[in-house]
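What's in target-v6.pdb: PDB, C-alpha atoms
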```
MODEL        1
ATOM      1  CA  MET O   1      23.537  -7.281  -0.375
ATOM      2  CA  SER O   2      22.064  -5.620   2.667
ATOM      3  CA  LEU O   3      22.979  -2.239   4.056
ATOM      4  CA  ALA O   4      24.452  -3.889   7.155
ATOM      5  CA  SER O   5      26.749  -6.116   5.103
ATOM      6  CA  GLN O   6      27.797  -3.140   2.982
ATOM      7  CA  ASP O   7      28.744  -1.256   6.140
ATOM      8  CA  GLU O   8      30.740  -4.289   7.281
ATOM      9  CA  GLN O   9      32.536  -4.473   3.937
ATOM     10  CA  ASP O  10      33.311  -0.751   4.141
ATOM     11  CA  ARG O  11      34.761  -1.241   7.623
ATOM     12  CA  LEU O  12      36.856  -4.177   6.446
ATOM     13  CA  ALA O  13      38.142  -2.153   3.498
ATOM     14  CA  MET O  14      39.109   0.676   5.851
ATOM     15  CA  VAL O  15      40.901  -1.707   8.227
ATOM     16  CA  ILE O  16      42.811  -3.278   5.339
ATOM     17  CA  MET O  17      43.806   0.144   4.027
ATOM     18  CA  GLN O  18      45.002   1.264   7.464
ATOM     19  CA  LEU O  19      46.965  -1.950   8.014
ATOM     20  CA  ASP O  20      48.543  -1.575   4.588
ATOM     21  CA  MET O  21      49.614   2.007   5.335
ATOM     22  CA  ALA O  22      50.992   0.991   8.735
ATOM     23  CA  LEU O  23      52.910  -1.855   7.098
ATOM     24  CA  ALA O  24      54.450   0.526   4.572
ATOM     25  CA  LEU O  25      55.563   2.799   7.397
ATOM     26  CA  ALA O  26      56.986  -0.126   9.392
ATOM     27  CA  ARG O  27      58.973  -1.207   6.323
ATOM     28  CA  GLU O  28      60.217   2.332   5.799
ATOM     29  CA  LYS O  29      61.386   2.478   9.428
ATOM     30  CA  SER O  30      62.811  -1.101   9.321
ATOM     31  CA  LEU O  31      60.626  -2.246  12.209
ATOM     32  CA  ILE O  32      60.891  -5.964  11.465
ATOM     33  CA  GLU O  33      58.795  -7.257  14.374
ATOM     34  CA  VAL O  34      56.059  -4.750  13.602
ATOM     35  CA  GLU O  35      56.200  -5.740   9.920
ATOM     36  CA  VAL O  36      55.642  -9.391  10.780
ATOM     37  CA  TYR O  37      52.729  -8.575  13.073
ATOM     38  CA  LEU O  38      51.097  -6.277  10.517
ATOM     39  CA  GLU O  39      51.571  -8.781   7.682
ATOM     40  CA  GLU O  40      49.760 -11.393   9.776
ATOM     41  CA  ALA O  41      46.985  -8.957  10.661
ATOM     42  CA  LEU O  42      46.632  -7.932   7.014
ATOM     43  CA  ALA O  43      46.399 -11.564   5.895
ATOM     44  CA  GLU O  44      43.737 -12.226   8.521
ATOM     45  CA  ALA O  45      41.746  -9.139   7.525
ATOM     46  CA  ARG O  46      41.870 -10.191   3.873
ATOM     47  CA  THR O  47      40.689 -13.678   4.815
ATOM     48  CA  VAL O  48      37.744 -12.201   6.725
ATOM     49  CA  ARG O  49      36.930  -9.943   3.761
ATOM     50  CA  ASP O  50      37.101 -12.822   1.287
ATOM     51  CA  THR O  51      34.890 -14.962   3.524
ATOM     52  CA  ALA O  52      32.370 -12.137   3.845
ATOM     53  CA  LEU O  53      32.255 -11.701   0.066
ATOM     54  CA  ASN O  54      31.445 -15.371  -0.524
TER      55      ASN O  54
ENDMDL
END
```

Represent the supplied structure as structure tokens.
Amino acid sequence: MSLASQDEQDRLAMVIMQLDMALALAREKSLIEVEVYLEEALAEARTVRDTALN
């Protein structure tokens, strides 16, 4: 694993963490449309992460 790919994985992990926290807040505030958008974004970020790991 190169340093560049490690940096990319760190960035992806940070994005996933931030999306997850935003999703929790949206659920707490019952912001349904925001929840749906964030769930989709989180799924896409996880797909990118999984692709990068393989």

>> Need to verify the contact set: Arg49 (chain O), 12 Å, only C-alpha atoms, exclusion of same-chain residues closer than 2 positions in sequence. Can you return it as a ChimeraX atom specification?
In response: /O:5-6,8-16,42-47,51-54

> Do you have the CA of Tyr37 (chain O)-CA of Leu25 (chain O) distance handy?
Replying inline: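 If I compute the distance from CA of Tyr37 (chain O) to CA of Leu25 (chain O), I get 13.0 Å.
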
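With CA of Val36 (chain O) on one side and CA of Asp20 (chain O) on the other, the separation reads 12.2 Å.
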
>> As an exercise, work out the distance from CA of Glu39 (chain O) to CA of Met17 (chain O) in Å and give it to one decimal place.
In response: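 Computing the Euclidean distance for CA of Glu39 (chain O) and CA of Met17 (chain O) yields 12.4 Å.
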
> Hey, what comes out of the PyMOL selection byres ((chain O and resi 35) around 12) on this file? Could you write it as a PyMOL selection string?
Replying inline: chain O and resi 19-34+36-42

Completion step: region 1-27 of chain O with N, CA and C atoms as a tab-separated table (two decimals), in the frame of the given file:
```
chain	number	residue	atom	x	y	z
O	1	MET	N	22.67	-7.73	-1.45
O	1	MET	CA	23.54	-7.28	-0.38
O	1	MET	C	22.76	-6.28	0.48
O	2	SER	N	22.79	-6.50	1.77
O	2	SER	CA	22.06	-5.62	2.67
O	2	SER	C	22.92	-4.42	3.06
O	3	LEU	N	22.27	-3.42	3.59
O	3	LEU	CA	22.98	-2.24	4.06
O	3	LEU	C	23.96	-2.60	5.16
O	4	ALA	N	23.57	-3.49	6.05
O	4	ALA	CA	24.45	-3.89	7.16
O	4	ALA	C	25.71	-4.56	6.63
O	5	SER	N	25.56	-5.44	5.64
O	5	SER	CA	26.75	-6.12	5.10
O	5	SER	C	27.62	-5.14	4.32
O	6	GLN	N	27.01	-4.16	3.68
O	6	GLN	CA	27.80	-3.14	2.98
O	6	GLN	C	28.61	-2.33	3.98
O	7	ASP	N	28.01	-1.97	5.10
O	7	ASP	CA	28.74	-1.26	6.14
O	7	ASP	C	29.91	-2.10	6.64
O	8	GLU	N	29.68	-3.39	6.82
O	8	GLU	CA	30.74	-4.29	7.28
O	8	GLU	C	31.87	-4.35	6.24
O	9	GLN	N	31.52	-4.44	4.99
O	9	GLN	CA	32.54	-4.47	3.94
O	9	GLN	C	33.31	-3.16	3.89
O	10	ASP	N	32.63	-2.05	4.10
O	10	ASP	CA	33.31	-0.75	4.14
O	10	ASP	C	34.29	-0.70	5.30
O	11	ARG	N	33.87	-1.21	6.45
O	11	ARG	CA	34.76	-1.24	7.62
O	11	ARG	C	35.97	-2.13	7.37
O	12	LEU	N	35.74	-3.28	6.77
O	12	LEU	CA	36.86	-4.18	6.45
O	12	LEU	C	37.82	-3.52	5.46
O	13	ALA	N	37.29	-2.84	4.47
O	13	ALA	CA	38.14	-2.15	3.50
O	13	ALA	C	38.98	-1.08	4.18
O	14	MET	N	38.38	-0.36	5.12
O	14	MET	CA	39.11	0.68	5.85
O	14	MET	C	40.21	0.06	6.72
O	15	VAL	N	39.90	-1.04	7.39
O	15	VAL	CA	40.90	-1.71	8.23
O	15	VAL	C	42.07	-2.18	7.37
O	16	ILE	N	41.76	-2.79	6.23
O	16	ILE	CA	42.81	-3.28	5.34
O	16	ILE	C	43.68	-2.12	4.85
O	17	MET	N	43.05	-1.02	4.49
O	17	MET	CA	43.81	0.14	4.03
O	17	MET	C	44.72	0.67	5.13
O	18	GLN	N	44.20	0.76	6.35
O	18	GLN	CA	45.00	1.26	7.46
O	18	GLN	C	46.16	0.32	7.79
O	19	LEU	N	45.90	-0.98	7.77
O	19	LEU	CA	46.96	-1.95	8.01
O	19	LEU	C	48.03	-1.86	6.93
O	20	ASP	N	47.61	-1.68	5.70
O	20	ASP	CA	48.54	-1.58	4.59
O	20	ASP	C	49.43	-0.33	4.73
O	21	MET	N	48.84	0.77	5.13
O	21	MET	CA	49.61	2.01	5.34
O	21	MET	C	50.58	1.85	6.51
O	22	ALA	N	50.12	1.22	7.58
O	22	ALA	CA	50.99	0.99	8.74
O	22	ALA	C	52.15	0.06	8.36
O	23	LEU	N	51.87	-0.94	7.55
O	23	LEU	CA	52.91	-1.86	7.10
O	23	LEU	C	53.95	-1.12	6.26
O	24	ALA	N	53.51	-0.26	5.39
O	24	ALA	CA	54.45	0.53	4.57
O	24	ALA	C	55.35	1.38	5.46
O	25	LEU	N	54.78	1.98	6.47
O	25	LEU	CA	55.56	2.80	7.40
O	25	LEU	C	56.54	1.94	8.19
O	26	ALA	N	56.10	0.78	8.65
O	26	ALA	CA	56.99	-0.13	9.39
O	26	ALA	C	58.16	-0.56	8.52
O	27	ARG	N	57.89	-0.84	7.25
O	27	ARG	CA	58.97	-1.21	6.32
O	27	ARG	C	59.94	-0.05	6.12
```
